[in-house]
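**Q** What follows is a single structure, and I will ask about it in a moment.
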Amino acid sequence: MGMVDVSSKDIILREAVAEGVLNLRPETLDLIVRNEIKKGHPFCFAEASGMLAVKQTHLVIPHCHPLPVESVEMAFELEPSQVRVRCGVKARARTGVEMEALVGVTAALNTIWDMVKYLEKDENGQYPVTRITDVRVVSKKKER
């Protein structure tokens with residue numbers, strides 16, 4: 001088996017954008033807006049986490065090639081009952097960057113959850129509202 005041989009493919013600019021959603025309690029979202037989360041502002045840490053995850057994707061997904069990532073853009077949007085996170089990745093490479101975008105967005109979503117979990121637990125220590133959903137590749141492009 002082994003990795004797919006991409007040595008005959010051209011090095012071209014490749015781009016991908018992935019997004020996902022974290023459902024949260026309205027009270028938690030309000031505290032994020034007011035910058036009152038105990039550990040700091042979740043989006044700052046989630047941005048760093050997402051960027052680091054993108055660059056390390058090949059270490060956690062066995063068939064991914066190490067890529068020379070040139071750009072990572074993280075975006076965070078507060079919606080009435082959720083946070084939407086987008087991760088855009090660019091690299092000049094022989095293979096696409098959609099796995100990197102997916103890993104980046106999920107790392108960011110998990111980081112936000114970790115930072116607000118003390119607010120999301122119910123009396124039994126469960127998370128009745130909190131869930132990560134709709135993780136997907138929104139777009140991918142390659143230079144021709």
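Identifiers in this document derive from the order of the structure tokens: chains are assigned A, B, ..., residues are numbered from 1 separately in each chain, and ligands are numbered from 1 in order of occurrence.
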Compile the contact shell of A:Phe76 as an NGL selection string: residues with an atom at most 12 Å away, counting only C-alpha atoms, same-chain residues fewer than 2 positions apart removed.
**A** :A and (19-22 or 32-33 or 41-47 or 50 or 73-74 or 78-79 or 82-88 or 105 or 108-109 or 112)
**Q** Output the selection as a PDB file, in the first residue's frame - C-alpha atoms for each residue.
**A**
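Final output, selection_2.pdb:
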ATOM      1  CA  GLU A  19     -16.163  25.109   7.734  1.00  0.00           C
ATOM      2  CA  GLY A  20     -17.950  23.725  10.739  1.00  0.00           C
ATOM      3  CA  VAL A  21     -20.360  24.790  13.451  1.00  0.00           C
ATOM      4  CA  LEU A  22     -20.248  24.599  17.240  1.00  0.00           C
ATOM      5  CA  ILE A  32     -17.751  35.217  24.352  1.00  0.00           C
ATOM      6  CA  VAL A  33     -19.059  38.501  22.932  1.00  0.00           C
ATOM      7  CA  HIS A  41     -10.905  34.865  24.206  1.00  0.00           C
ATOM      8  CA  PRO A  42     -11.640  31.518  22.511  1.00  0.00           C
ATOM      9  CA  PHE A  43     -11.197  32.846  18.975  1.00  0.00           C
ATOM     10  CA  CYS A  44      -7.589  33.929  19.589  1.00  0.00           C
ATOM     11  CA  PHE A  45      -6.638  30.493  20.844  1.00  0.00           C
ATOM     12  CA  ALA A  46      -8.744  28.722  18.216  1.00  0.00           C
ATOM     13  CA  GLU A  47      -7.012  30.644  15.446  1.00  0.00           C
ATOM     14  CA  GLY A  50      -6.263  25.841  13.702  1.00  0.00           C
ATOM     15  CA  GLU A  73      -6.913  32.019   7.184  1.00  0.00           C
ATOM     16  CA  MET A  74      -9.292  31.400  10.062  1.00  0.00           C
ATOM     17  CA  LEU A  78     -21.224  34.297  15.865  1.00  0.00           C
ATOM     18  CA  GLU A  79     -24.752  33.236  15.026  1.00  0.00           C
ATOM     19  CA  GLN A  82     -23.657  28.772  17.376  1.00  0.00           C
ATOM     20  CA  VAL A  83     -20.195  29.724  16.236  1.00  0.00           C
ATOM     21  CA  ARG A  84     -19.316  29.095  12.596  1.00  0.00           C
ATOM     22  CA  VAL A  85     -15.618  28.573  11.881  1.00  0.00           C
ATOM     23  CA  ARG A  86     -13.944  28.659   8.457  1.00  0.00           C
ATOM     24  CA  CYS A  87     -10.431  27.613   7.610  1.00  0.00           C
ATOM     25  CA  GLY A  88      -8.835  28.484   4.286  1.00  0.00           C
ATOM     26  CA  VAL A 105     -11.387  23.826  11.295  1.00  0.00           C
ATOM     27  CA  ALA A 108     -10.391  25.337  16.107  1.00  0.00           C
ATOM     28  CA  LEU A 109     -13.875  24.064  16.965  1.00  0.00           C
ATOM     29  CA  ILE A 112     -13.444  26.736  21.491  1.00  0.00           C
TER      30      ILE A 112
END
**Q** Got a sec: who's within 6 Å of A:Asn23, counting only C-alpha atoms, leaving out chain neighbours fewer than 6 positions off, as a list in words?
**A**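 After dropping sequence-adjacent residues, the list is Ser81, Gln82, Thr130 and Arg131 of chain A.
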**Q** Okay, now the selection with N, CA and C atoms, as a short mmCIF file (atom, residue, chain, number, x, y, z; two decimals), in the first residue's frame?
**A**
data_model
loop_
_atom_site.label_atom_id
_atom_site.label_comp_id
_atom_site.auth_asym_id
_atom_site.auth_seq_id
_atom_site.Cartn_x
_atom_site.Cartn_y
_atom_site.Cartn_z
N SER A 81 -27.25 30.77 17.88
CA SER A 81 -27.04 29.66 18.82
C SER A 81 -25.76 28.88 18.51
N GLN A 82 -24.85 29.52 17.78
CA GLN A 82 -23.66 28.77 17.38
C GLN A 82 -22.53 29.70 16.93
N THR A 130 -24.21 21.41 23.47
CA THR A 130 -22.94 21.57 22.76
C THR A 130 -22.71 20.45 21.77
N ARG A 131 -22.49 20.80 20.51
CA ARG A 131 -22.12 19.81 19.50
C ARG A 131 -21.46 20.47 18.32
#
**Q** Identify, with DSSP run on backbone atoms, the residues in stretch 46-76 of chain A assigned to strand (DSSP E), and express the list as JSON, numbers by chain.
**A** {"A": [69, 70, 71, 72, 73, 74, 75, 76]}
**Q** Go ahead and write the selection's residues with N, CA and C atoms as a tab-separated table (two decimals), in the first residue's frame.
**A**
chain	number	residue	atom	x	y	z
A	69	VAL	N	2.73	24.67	3.34
A	69	VAL	CA	1.58	25.55	3.52
A	69	VAL	C	2.05	27.00	3.43
A	70	GLU	N	1.38	27.76	2.58
A	70	GLU	CA	1.75	29.16	2.37
A	70	GLU	C	0.83	30.13	3.07
A	71	SER	N	-0.40	29.69	3.32
A	71	SER	CA	-1.37	30.60	3.93
A	71	SER	C	-2.44	29.80	4.65
A	72	VAL	N	-2.80	30.28	5.84
A	72	VAL	CA	-3.95	29.74	6.58
A	72	VAL	C	-4.75	30.94	7.05
A	73	GLU	N	-6.02	30.95	6.73
A	73	GLU	CA	-6.91	32.02	7.18
A	73	GLU	C	-8.05	31.40	7.97
A	74	MET	N	-8.21	31.87	9.20
A	74	MET	CA	-9.29	31.40	10.06
A	74	MET	C	-10.31	32.52	10.20
A	75	ALA	N	-11.60	32.19	10.16
A	75	ALA	CA	-12.66	33.17	10.35
A	75	ALA	C	-13.69	32.61	11.32
A	76	PHE	N	-14.22	33.49	12.16
A	76	PHE	CA	-15.17	33.11	13.20
A	76	PHE	C	-16.39	34.01	13.09
**Q** I'd like to know which residues of chain A are alpha helix (DSSP H) (by DSSP, run on the backbone); could you write them as an MDAnalysis selection string?
**A** chainID A and resid 26:33 42:55 57:60 98:120
**Q** Deliver the residues from the most recent selection as a file, using N, CA and C atoms, as a tab-separated table (two decimals), in the first residue's frame.
**A**
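Dumped to part-v6.tsv:
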chain	number	residue	atom	x	y	z
A	26	PRO	N	-26.93	30.10	24.58
A	26	PRO	CA	-26.93	31.56	24.36
A	26	PRO	C	-26.11	32.31	25.42
A	27	GLU	N	-26.14	31.83	26.66
A	27	GLU	CA	-25.39	32.49	27.73
A	27	GLU	C	-23.89	32.41	27.47
A	28	THR	N	-23.45	31.29	26.93
A	28	THR	CA	-22.03	31.13	26.61
A	28	THR	C	-21.64	32.08	25.48
A	29	LEU	N	-22.47	32.15	24.46
A	29	LEU	CA	-22.20	33.06	23.34
A	29	LEU	C	-22.12	34.51	23.82
A	30	ASP	N	-22.98	34.87	24.75
A	30	ASP	CA	-22.97	36.22	25.30
A	30	ASP	C	-21.65	36.50	26.02
A	31	LEU	N	-21.15	35.53	26.77
A	31	LEU	CA	-19.88	35.71	27.47
A	31	LEU	C	-18.70	35.81	26.49
A	32	ILE	N	-18.79	35.09	25.38
A	32	ILE	CA	-17.75	35.22	24.35
A	32	ILE	C	-17.76	36.63	23.79
A	33	VAL	N	-18.94	37.14	23.47
A	33	VAL	CA	-19.06	38.50	22.93
A	33	VAL	C	-18.49	39.52	23.91
A	42	PRO	N	-11.76	32.79	23.23
A	42	PRO	CA	-11.64	31.52	22.51
A	42	PRO	C	-11.17	31.66	21.06
A	43	PHE	N	-11.55	32.73	20.39
A	43	PHE	CA	-11.20	32.85	18.97
A	43	PHE	C	-9.70	33.05	18.78
A	44	CYS	N	-9.05	33.74	19.70
A	44	CYS	CA	-7.59	33.93	19.59
A	44	CYS	C	-6.87	32.58	19.68
A	45	PHE	N	-7.27	31.80	20.67
A	45	PHE	CA	-6.64	30.49	20.84
A	45	PHE	C	-7.03	29.53	19.73
A	46	ALA	N	-8.28	29.61	19.29
A	46	ALA	CA	-8.74	28.72	18.22
A	46	ALA	C	-8.04	29.03	16.91
A	47	GLU	N	-7.74	30.29	16.66
A	47	GLU	CA	-7.01	30.64	15.45
A	47	GLU	C	-5.62	30.02	15.46
A	48	ALA	N	-4.93	30.15	16.58
A	48	ALA	CA	-3.59	29.55	16.70
A	48	ALA	C	-3.66	28.03	16.59
A	49	SER	N	-4.64	27.43	17.25
A	49	SER	CA	-4.81	25.98	17.20
A	49	SER	C	-5.08	25.50	15.78
A	50	GLY	N	-5.94	26.20	15.08
A	50	GLY	CA	-6.26	25.84	13.70
A	50	GLY	C	-5.05	25.92	12.79
A	51	MET	N	-4.27	26.99	12.93
A	51	MET	CA	-3.08	27.14	12.09
A	51	MET	C	-2.06	26.04	12.38
A	52	LEU	N	-1.84	25.76	13.65
A	52	LEU	CA	-0.90	24.69	14.01
A	52	LEU	C	-1.37	23.34	13.47
A	53	ALA	N	-2.66	23.08	13.58
A	53	ALA	CA	-3.21	21.81	13.12
A	53	ALA	C	-3.03	21.65	11.61
A	54	VAL	N	-3.28	22.72	10.86
A	54	VAL	CA	-3.10	22.67	9.41
A	54	VAL	C	-1.68	22.21	9.08
A	55	LYS	N	-0.71	22.82	9.74
A	55	LYS	CA	0.70	22.53	9.43
A	55	LYS	C	1.13	21.13	9.87
A	57	THR	N	-1.05	18.36	9.78
A	57	THR	CA	-2.03	17.39	9.29
A	57	THR	C	-1.38	16.06	8.91
A	58	HIS	N	-0.24	16.11	8.27
A	58	HIS	CA	0.43	14.88	7.83
A	58	HIS	C	0.85	13.99	9.00
A	59	LEU	N	0.90	14.55	10.21
A	59	LEU	CA	1.28	13.76	11.38
A	59	LEU	C	0.10	13.01	11.99
A	60	VAL	N	-1.13	13.41	11.65
A	60	VAL	CA	-2.30	12.76	12.23
A	60	VAL	C	-3.14	11.99	11.23
A	98	GLU	N	-7.39	20.03	1.05
A	98	GLU	CA	-8.68	19.94	1.73
A	98	GLU	C	-8.60	19.24	3.09
A	99	MET	N	-7.74	18.25	3.24
A	99	MET	CA	-7.59	17.60	4.55
A	99	MET	C	-7.02	18.58	5.56
A	100	GLU	N	-6.09	19.42	5.12
A	100	GLU	CA	-5.50	20.43	6.00
A	100	GLU	C	-6.56	21.41	6.47
A	101	ALA	N	-7.44	21.83	5.56
A	101	ALA	CA	-8.52	22.75	5.93
A	101	ALA	C	-9.49	22.09	6.92
A	102	LEU	N	-9.81	20.84	6.69
A	102	LEU	CA	-10.70	20.12	7.61
A	102	LEU	C	-10.08	19.93	8.99
A	103	VAL	N	-8.83	19.57	9.03
A	103	VAL	CA	-8.15	19.40	10.32
A	103	VAL	C	-8.05	20.74	11.04
A	104	GLY	N	-7.77	21.80	10.29
A	104	GLY	CA	-7.69	23.13	10.90
A	104	GLY	C	-9.00	23.57	11.51
A	105	VAL	N	-10.09	23.38	10.78
A	105	VAL	CA	-11.39	23.83	11.30
A	105	VAL	C	-11.82	22.98	12.49
A	106	THR	N	-11.57	21.69	12.47
A	106	THR	CA	-11.98	20.86	13.62
A	106	THR	C	-11.13	21.15	14.85
A	107	ALA	N	-9.85	21.43	14.66
A	107	ALA	CA	-9.01	21.81	15.81
A	107	ALA	C	-9.51	23.11	16.43
A	108	ALA	N	-9.88	24.07	15.59
A	108	ALA	CA	-10.39	25.34	16.11
A	108	ALA	C	-11.71	25.14	16.86
A	109	LEU	N	-12.60	24.34	16.29
A	109	LEU	CA	-13.87	24.06	16.97
A	109	LEU	C	-13.66	23.37	18.31
A	110	ASN	N	-12.77	22.40	18.34
A	110	ASN	CA	-12.47	21.71	19.60
A	110	ASN	C	-11.84	22.64	20.63
A	111	THR	N	-11.02	23.56	20.17
A	111	THR	CA	-10.39	24.53	21.09
A	111	THR	C	-11.44	25.43	21.73
A	112	ILE	N	-12.38	25.90	20.93
A	112	ILE	CA	-13.44	26.74	21.49
A	112	ILE	C	-14.24	25.94	22.51
A	113	TRP	N	-14.61	24.71	22.16
A	113	TRP	CA	-15.37	23.87	23.09
A	113	TRP	C	-14.59	23.70	24.40
A	114	ASP	N	-13.30	23.41	24.29
A	114	ASP	CA	-12.48	23.22	25.49
A	114	ASP	C	-12.50	24.47	26.38
A	115	MET	N	-12.48	25.62	25.78
A	115	MET	CA	-12.40	26.86	26.55
A	115	MET	C	-13.72	27.24	27.22
A	116	VAL	N	-14.84	26.74	26.70
A	116	VAL	CA	-16.15	27.10	27.27
A	116	VAL	C	-16.86	25.92	27.91
A	117	LYS	N	-16.22	24.78	27.99
A	117	LYS	CA	-16.93	23.58	28.47
A	117	LYS	C	-17.46	23.73	29.89
A	118	TYR	N	-16.79	24.51	30.73
A	118	TYR	CA	-17.27	24.71	32.10
A	118	TYR	C	-18.63	25.41	32.11
A	119	LEU	N	-18.95	26.15	31.07
A	119	LEU	CA	-20.23	26.84	30.96
A	119	LEU	C	-21.31	25.98	30.31
A	120	GLU	N	-20.89	24.98	29.59
A	120	GLU	CA	-21.81	24.18	28.79
A	120	GLU	C	-22.33	22.93	29.49
**Q** So the first atom is atom CA of A:Gly2 and the second is atom CA of A:Ala16; what is the distance between them in Å, to one decimal place?
**A**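 According to the coordinates, atom CA of A:Gly2 and atom CA of A:Ala16 are separated by 24.3 Å.
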